[in-house]
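S.K.: The file below is model-v9.cif, mmCIF, C-alpha atoms and all ligand atoms:
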data_protein
#
loop_
_atom_site.label_atom_id
_atom_site.label_comp_id
_atom_site.auth_asym_id
_atom_site.auth_seq_id
_atom_site.Cartn_x
_atom_site.Cartn_y
_atom_site.Cartn_z
CA MET A 14 -15.66 29.71 -5.80
CA ASN A 15 -17.49 29.14 -2.54
CA MET A 16 -14.73 30.00 -0.06
CA LYS A 17 -16.89 29.54 3.02
CA ILE A 18 -16.54 25.76 3.14
CA ILE A 19 -12.91 24.85 2.88
CA PRO A 20 -11.47 21.45 3.76
CA LYS A 21 -9.57 21.45 7.04
CA HIS A 22 -7.35 18.68 5.71
CA THR A 23 -6.75 18.04 2.01
CA ALA A 24 -4.87 14.93 0.91
CA VAL A 25 -3.36 14.59 -2.55
CA ILE A 26 -2.25 11.48 -4.44
CA MET A 27 0.02 13.04 -7.04
CA ASP A 28 -0.32 10.34 -9.71
CA GLY A 29 0.58 10.39 -13.40
CA ASN A 30 4.11 11.82 -13.42
CA GLY A 31 5.48 8.83 -15.33
CA ARG A 32 2.73 8.82 -17.96
CA TRP A 33 2.96 12.60 -18.35
CA ALA A 34 6.62 12.19 -19.28
CA THR A 35 6.44 9.08 -21.46
CA LYS A 36 3.58 10.47 -23.56
CA SER A 37 6.03 13.19 -24.67
CA GLY A 38 8.95 10.79 -25.08
CA MET A 39 10.70 11.90 -21.88
CA SER A 40 12.09 9.78 -19.06
CA ARG A 41 9.82 9.06 -16.07
CA VAL A 42 12.25 10.98 -13.89
CA LYS A 43 11.52 14.12 -15.93
CA GLY A 44 7.88 13.57 -14.98
CA HIS A 45 8.70 13.51 -11.28
CA LYS A 46 10.78 16.65 -11.71
CA GLN A 47 7.82 18.39 -13.29
CA GLY A 48 5.73 16.95 -10.44
CA VAL A 49 7.76 18.95 -7.95
CA TYR A 50 6.83 22.17 -9.79
CA ALA A 51 3.16 21.18 -9.60
CA LEU A 52 3.61 20.51 -5.89
CA LEU A 53 5.17 23.95 -5.34
CA GLU A 54 2.25 25.54 -7.17
CA LEU A 55 -0.24 23.57 -5.05
CA ILE A 56 1.43 24.80 -1.87
CA ASP A 57 1.13 28.43 -3.01
CA LEU A 58 -2.52 27.89 -4.00
CA ALA A 59 -3.29 26.29 -0.64
CA ILE A 60 -1.91 29.41 1.04
CA GLU A 61 -3.86 31.67 -1.34
CA PHE A 62 -7.11 29.80 -0.55
CA ASN A 63 -6.42 29.71 3.21
CA LEU A 64 -6.34 25.93 3.49
CA PRO A 65 -4.94 24.95 6.89
CA CYS A 66 -3.40 21.60 5.97
CA VAL A 67 -2.37 19.47 2.98
CA SER A 68 -0.95 15.95 3.02
CA LEU A 69 1.05 14.94 -0.04
CA TYR A 70 1.79 11.34 -1.03
CA ALA A 71 5.40 11.65 -2.19
CA PHE A 72 6.58 8.05 -1.71
CA SER A 73 4.62 4.99 -0.59
CA THR A 74 5.82 1.84 1.17
CA GLU A 75 5.09 0.07 -2.15
CA ASN A 76 7.19 2.51 -4.23
CA TRP A 77 10.38 0.66 -3.16
CA LYS A 78 9.39 -1.95 -5.77
CA ARG A 79 10.24 0.52 -8.55
CA PRO A 80 13.58 0.33 -10.37
CA GLU A 81 16.41 1.53 -8.12
CA LYS A 82 17.22 4.34 -10.54
CA GLU A 83 13.73 5.81 -10.22
CA VAL A 84 13.67 5.42 -6.42
CA LYS A 85 17.01 7.20 -6.14
CA ALA A 86 15.82 9.94 -8.48
CA ILE A 87 12.72 10.61 -6.36
CA PHE A 88 14.83 10.89 -3.20
CA PHE A 89 17.29 13.11 -5.04
CA LEU A 90 14.40 15.39 -5.98
CA LEU A 91 13.30 15.47 -2.36
CA THR A 92 16.79 16.48 -1.27
CA GLU A 93 16.89 19.18 -3.96
CA PHE A 94 13.45 20.35 -2.87
CA PHE A 95 14.68 21.01 0.67
CA ASN A 96 18.00 22.49 -0.52
CA THR A 97 16.28 24.90 -2.87
CA TYR A 98 13.02 25.77 -1.16
CA LEU A 99 13.40 25.32 2.61
CA LYS A 100 14.19 28.99 3.11
CA SER A 101 11.13 30.18 1.20
CA ILE A 102 9.00 27.54 2.96
CA LEU A 103 10.06 29.00 6.30
CA ASP A 104 9.49 32.56 5.05
CA LYS A 105 5.95 31.58 4.08
CA ASP A 106 5.28 30.43 7.67
CA ILE A 107 4.70 26.85 6.44
CA ARG A 108 4.95 24.03 8.96
CA ILE A 109 6.45 20.85 7.56
CA LEU A 110 5.46 17.48 9.02
CA HIS A 111 6.53 14.02 7.97
CA SER A 112 4.36 10.91 7.97
CA GLY A 113 6.04 7.59 7.31
CA ASP A 114 8.75 5.17 8.35
CA LYS A 115 12.19 6.77 8.51
CA ARG A 116 14.12 3.51 8.95
CA GLN A 117 14.57 2.70 5.25
CA ILE A 118 14.93 6.25 3.91
CA TYR A 119 18.50 7.27 2.97
CA PRO A 120 20.10 8.88 6.09
CA ASP A 121 20.95 12.16 4.30
CA VAL A 122 17.31 12.53 3.24
CA VAL A 123 16.15 11.80 6.80
CA LYS A 124 18.45 14.60 7.99
CA LYS A 125 16.83 17.02 5.53
CA ILE A 126 13.34 15.99 6.60
CA ASN A 127 14.18 16.30 10.32
CA LYS A 128 15.74 19.71 9.78
CA ALA A 129 12.70 21.00 7.88
CA VAL A 130 10.34 19.67 10.58
CA GLU A 131 12.46 21.16 13.36
CA LEU A 132 12.99 24.59 11.80
CA SER A 133 9.31 24.97 10.89
CA GLU A 134 7.97 23.67 14.21
CA THR A 135 6.74 27.05 15.45
CA ASN A 136 5.29 28.15 12.11
CA ARG A 137 1.55 28.65 12.17
CA GLY A 138 0.63 29.04 8.48
CA LEU A 139 -0.13 26.18 6.12
CA THR A 140 0.78 22.69 7.39
CA VAL A 141 2.39 20.55 4.69
CA ASN A 142 2.47 16.92 5.74
CA LEU A 143 4.92 15.11 3.46
CA CYS A 144 4.12 11.41 3.33
CA ILE A 145 7.38 9.66 2.54
CA ASP A 146 7.75 5.90 2.90
CA TYR A 147 4.18 6.04 4.06
CA GLY A 148 1.61 3.24 3.97
CA GLY A 149 -1.78 3.26 5.68
CA LYS A 150 -1.64 -0.41 6.64
CA SER A 151 1.85 -0.28 8.14
CA GLU A 152 0.87 2.90 10.00
CA LEU A 153 -1.98 0.97 11.64
CA VAL A 154 0.21 -2.04 12.45
CA ARG A 155 2.69 0.33 14.11
CA ALA A 156 -0.15 1.99 16.04
CA PHE A 157 -1.52 -1.36 17.27
CA ASN A 158 1.93 -2.50 18.40
CA ARG A 159 2.45 0.71 20.32
CA LEU A 160 -0.98 0.34 21.91
CA PHE A 161 -0.17 -3.26 22.86
CA CYS A 162 2.90 -1.99 24.76
CA LYS A 163 0.84 0.72 26.44
CA LEU A 164 -1.74 -1.86 27.50
CA GLN A 165 0.95 -4.13 28.92
CA LYS A 166 2.41 -1.25 30.89
CA GLN A 167 -1.13 -0.34 31.95
CA GLU A 168 -0.70 3.17 30.58
CA ILE A 169 -4.12 2.70 28.99
CA GLN A 170 -7.04 0.50 30.04
CA GLU A 171 -8.57 -0.16 26.62
CA ILE A 172 -8.06 0.43 22.89
CA ASN A 173 -10.54 2.86 21.43
CA GLU A 174 -10.65 5.26 18.44
CA GLN A 175 -9.02 8.12 20.33
CA GLU A 176 -6.11 5.94 21.47
CA ILE A 177 -5.57 4.63 17.92
CA GLU A 178 -5.59 8.16 16.53
CA LYS A 179 -2.93 9.24 19.01
CA GLU A 180 -0.58 6.62 17.57
CA LEU A 181 -0.95 7.63 13.92
CA TYR A 182 1.84 9.56 12.18
CA THR A 183 -0.65 12.33 11.46
CA TYR A 184 -1.70 12.98 15.07
CA PRO A 185 -3.02 15.60 15.94
CA LEU A 186 -4.04 16.59 12.40
CA PRO A 187 -7.80 16.53 11.74
CA PRO A 188 -9.37 13.80 9.56
CA VAL A 189 -9.08 14.18 5.79
CA ASP A 190 -12.05 16.12 4.38
CA LEU A 191 -11.04 16.11 0.73
CA LEU A 192 -8.85 13.56 -1.01
CA ILE A 193 -7.70 14.41 -4.52
CA ARG A 194 -6.22 11.79 -6.85
CA THR A 195 -4.87 12.78 -10.24
CA GLY A 196 -3.88 10.43 -13.07
CA GLY A 197 -7.17 8.63 -13.74
CA GLU A 198 -7.06 5.75 -11.24
CA LYS A 199 -9.89 5.52 -8.74
CA ARG A 200 -8.33 3.97 -5.67
CA LEU A 201 -6.73 4.97 -2.35
CA SER A 202 -3.48 3.04 -2.84
CA ASN A 203 -2.93 2.64 0.91
CA PHE A 204 -3.03 6.41 1.56
CA LEU A 205 -4.34 7.74 4.89
CA LEU A 206 -6.82 4.85 5.22
CA TRP A 207 -8.00 5.61 8.76
CA GLN A 208 -7.89 9.39 8.29
CA SER A 209 -9.95 9.26 5.07
CA ALA A 210 -12.87 7.28 6.54
CA TYR A 211 -15.29 10.13 5.69
CA ALA A 212 -13.26 11.99 3.08
CA GLU A 213 -14.87 13.24 -0.09
CA LEU A 214 -13.01 11.65 -2.99
CA TYR A 215 -12.15 13.77 -6.03
CA PHE A 216 -10.74 11.87 -9.00
CA THR A 217 -9.44 13.49 -12.15
CA ASP A 218 -7.81 12.10 -15.31
CA THR A 219 -5.35 15.01 -15.38
CA PHE A 220 -1.75 13.89 -14.85
CA TRP A 221 -0.18 15.45 -11.75
CA PRO A 222 2.26 17.79 -13.60
CA ASP A 223 -0.74 19.34 -15.41
CA PHE A 224 -2.81 19.83 -12.24
CA GLY A 225 -2.95 23.59 -11.85
CA LYS A 226 -5.02 26.41 -10.43
CA ASP A 227 -8.20 25.84 -12.47
CA GLU A 228 -8.45 22.20 -11.55
CA PHE A 229 -7.68 22.90 -7.89
CA ILE A 230 -10.47 25.48 -7.82
CA ASN A 231 -12.78 22.86 -9.42
CA ALA A 232 -11.93 20.36 -6.69
CA LEU A 233 -12.48 22.89 -3.89
CA ASP A 234 -15.72 24.08 -5.45
CA TRP A 235 -16.94 20.49 -5.85
CA PHE A 236 -16.06 19.87 -2.18
CA ALA A 237 -17.94 22.96 -1.03
CA HIS A 238 -21.10 21.59 -2.64
CA ARG A 239 -20.96 18.12 -1.12
CA GLN A 240 -23.55 17.27 1.52
CA ARG A 241 -21.58 15.66 4.29
CA ARG A 242 -23.73 13.55 6.59
CA PHE A 243 -21.08 11.43 8.35
CA GLY A 244 -23.48 8.47 8.56
CA SER A 245 -26.40 10.57 9.72
CA VAL A 246 -29.49 11.44 7.58
C1 LIG B 301 3.13 9.05 -8.95
O1 LIG B 301 3.32 9.10 -10.35
C2 LIG B 301 4.15 9.82 -8.31
C3 LIG B 301 5.05 9.36 -7.41
C4 LIG B 301 5.12 7.95 -6.96
C5 LIG B 301 6.08 10.22 -6.85
C6 LIG B 301 5.62 11.60 -6.56
C7 LIG B 301 6.81 12.37 -6.28
C8 LIG B 301 6.99 13.67 -6.55
C9 LIG B 301 5.98 14.59 -7.08
C10 LIG B 301 8.34 14.22 -6.26
C11 LIG B 301 8.62 14.12 -4.79
C12 LIG B 301 9.23 15.32 -4.34
C13 LIG B 301 8.81 16.08 -3.33
C14 LIG B 301 9.47 17.36 -3.17
C15 LIG B 301 7.75 15.71 -2.36
P1 LIG B 301 3.69 7.76 -11.10
O2 LIG B 301 5.15 7.64 -11.19
O3 LIG B 301 3.00 6.60 -10.43
O4 LIG B 301 3.07 8.02 -12.51
P2 LIG B 301 2.43 6.94 -13.47
O5 LIG B 301 1.22 6.40 -12.77
O6 LIG B 301 2.08 7.72 -14.68
O7 LIG B 301 3.47 5.90 -13.71
#
Could you render the structure as structure tokens?
M.R.:
Amino acid sequence: MNMKIIPKHTAVIMDGNGRWATKSGMSRVKGHKQGVYALLELIDLAIEFNLPCVSLYAFSTENWKRPEKEVKAIFFLLTEFFNTYLKSILDKDIRILHSGDKRQIYPDVVKKINKAVELSETNRGLTVNLCIDYGGKSELVRAFNRLFCKLQKQEIQEINEQEIEKELYTYPLPPVDLLIRTGGEKRLSNFLLWQSAYAELYFTDTFWPDFGKDEFINALDWFAHRQRRFGSV
């Protein structure tokens, strides 16, 4: 693998948990559970390959439309994830960030997220940005509202790209270089819309629980061979 060109920011849409489970006659929740193992493996691989930052789409603003049982199960898995792995996350010098709207998330889960963010604040290894109740459009609406207030208070004179970026959940993370989507669909599904303006898009049919080291190396290798012109020639 060409390790010279690594993405500064890798975003992952971990799709296909449900189909992975139902194809083997298991409940969708089993698929999400297996998805957490794939996520843990990805974190270790990101450290092994010296990636500075990964953003993971764990729960979108649209995922509330799923049956209550599945929504609760995903948040239960998140809670379990912090209960079981926070210590090893901190030991690995990982910095946890959260992108998304905390107002609807169950208060006990918000507490776990806040604690992980707080305790890992000074860590300088891999940044893991967990996107939970995240939506690209609502992130931009929030940013524009905040900018409107700033304009009214004359804290800023105009709205420009830099000012918008400062109001995103992901600030000051760099733009997404590589966006990986598993599970066969070829769309962004409202993920990091602004941040992915020039991202290279890697789509694979593999369901998220089956996404392992070989496929991750493929994605990174593919990225390293892209010619990135950013609108230039
Ligand atoms: C997409 O698969 C997956 C999700 C909406 C949830 C992803 C959540 C996890 C991996 C667990 C979260 C836990 C942590 C620790 C972040 P899908 O259900 O849309 O699959 P399908 O397209 O086959 O139905």
S.K.: Would you tabulate, counting all atoms listed in the file, all residues of chain A that have an atom at most 6 Å from an atom of ligand LIG 301 (chain B), showing the closest pair of atoms and their distance in Å to one decimal, sorted by chain then ascending number, as CSV?
M.R.:
residue,atom,partner,partner_atom,distance
A:Met27,CA,B:LIG301,C2,5.4
A:Asp28,CA,B:LIG301,C1,3.8
A:Gly29,CA,B:LIG301,O6,3.3
A:Asn30,CA,B:LIG301,O4,4.0
A:Gly31,CA,B:LIG301,O6,3.6
A:Arg32,CA,B:LIG301,O6,3.5
A:His45,CA,B:LIG301,C8,5.0
A:Gly48,CA,B:LIG301,C9,4.1
A:Val49,CA,B:LIG301,C9,4.8
A:Ala71,CA,B:LIG301,C6,4.4
A:Phe72,CA,B:LIG301,C4,5.5
A:Ile87,CA,B:LIG301,C11,5.6
A:Leu90,CA,B:LIG301,C12,5.4
A:Leu91,CA,B:LIG301,C14,4.3
A:Phe94,CA,B:LIG301,C14,5.0
S.K.: List the neighbours of Glu131 in chain A out to 10 Å using all atoms listed in the file; skip same-chain residues closer than 5 positions along the sequence, and give me the result as a list in words.
M.R.: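 So, after excluding close chain neighbours, the residues are Arg108, Ile109, Leu110, Lys125 and Ile126 of chain A.
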S.K.: When you draw a straight line from CA of Asp57 in chain A to CA of Pro185 in chain A, how long is it in Å?
M.R.: 23.3 Å
S.K.: For the atom pair CA of Phe62 in chain A and CA of Phe224 in chain A, what is the interatomic distance in Å to one decimal place?
M.R.: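 That distance, rounded to one decimal, is 16.0 Å.
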S.K.: Counting only C-alpha atoms, what is within 10 Å of range 152-158 of chain A, bar same-chain residues fewer than 2 positions away, as a count of residues only?
M.R.: 26
S.K.: Give as a ChimeraX atom specification every residue, naming chains and numbers as the document does, that has an atom within 10 Å of (4.3, 26.6, 8.5), counting only C-alpha atoms.
M.R.: /A:65-66,102-110,130,132-141
S.K.: One number please: CA of Tyr70 in chain A to CA of Ala129 in chain A, in Å, one decimal.
M.R.: 17.1 Å
S.K.: Could you check which of A:Ser37, A:Leu52, A:Ser151, A:Gln170 is closest to Glu75 in chain A, using only C-alpha atoms?
M.R.: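 Ranking A:Ser37, A:Leu52, A:Ser151, A:Gln170 by distance to Glu75 in chain A, first place goes to A:Ser151.
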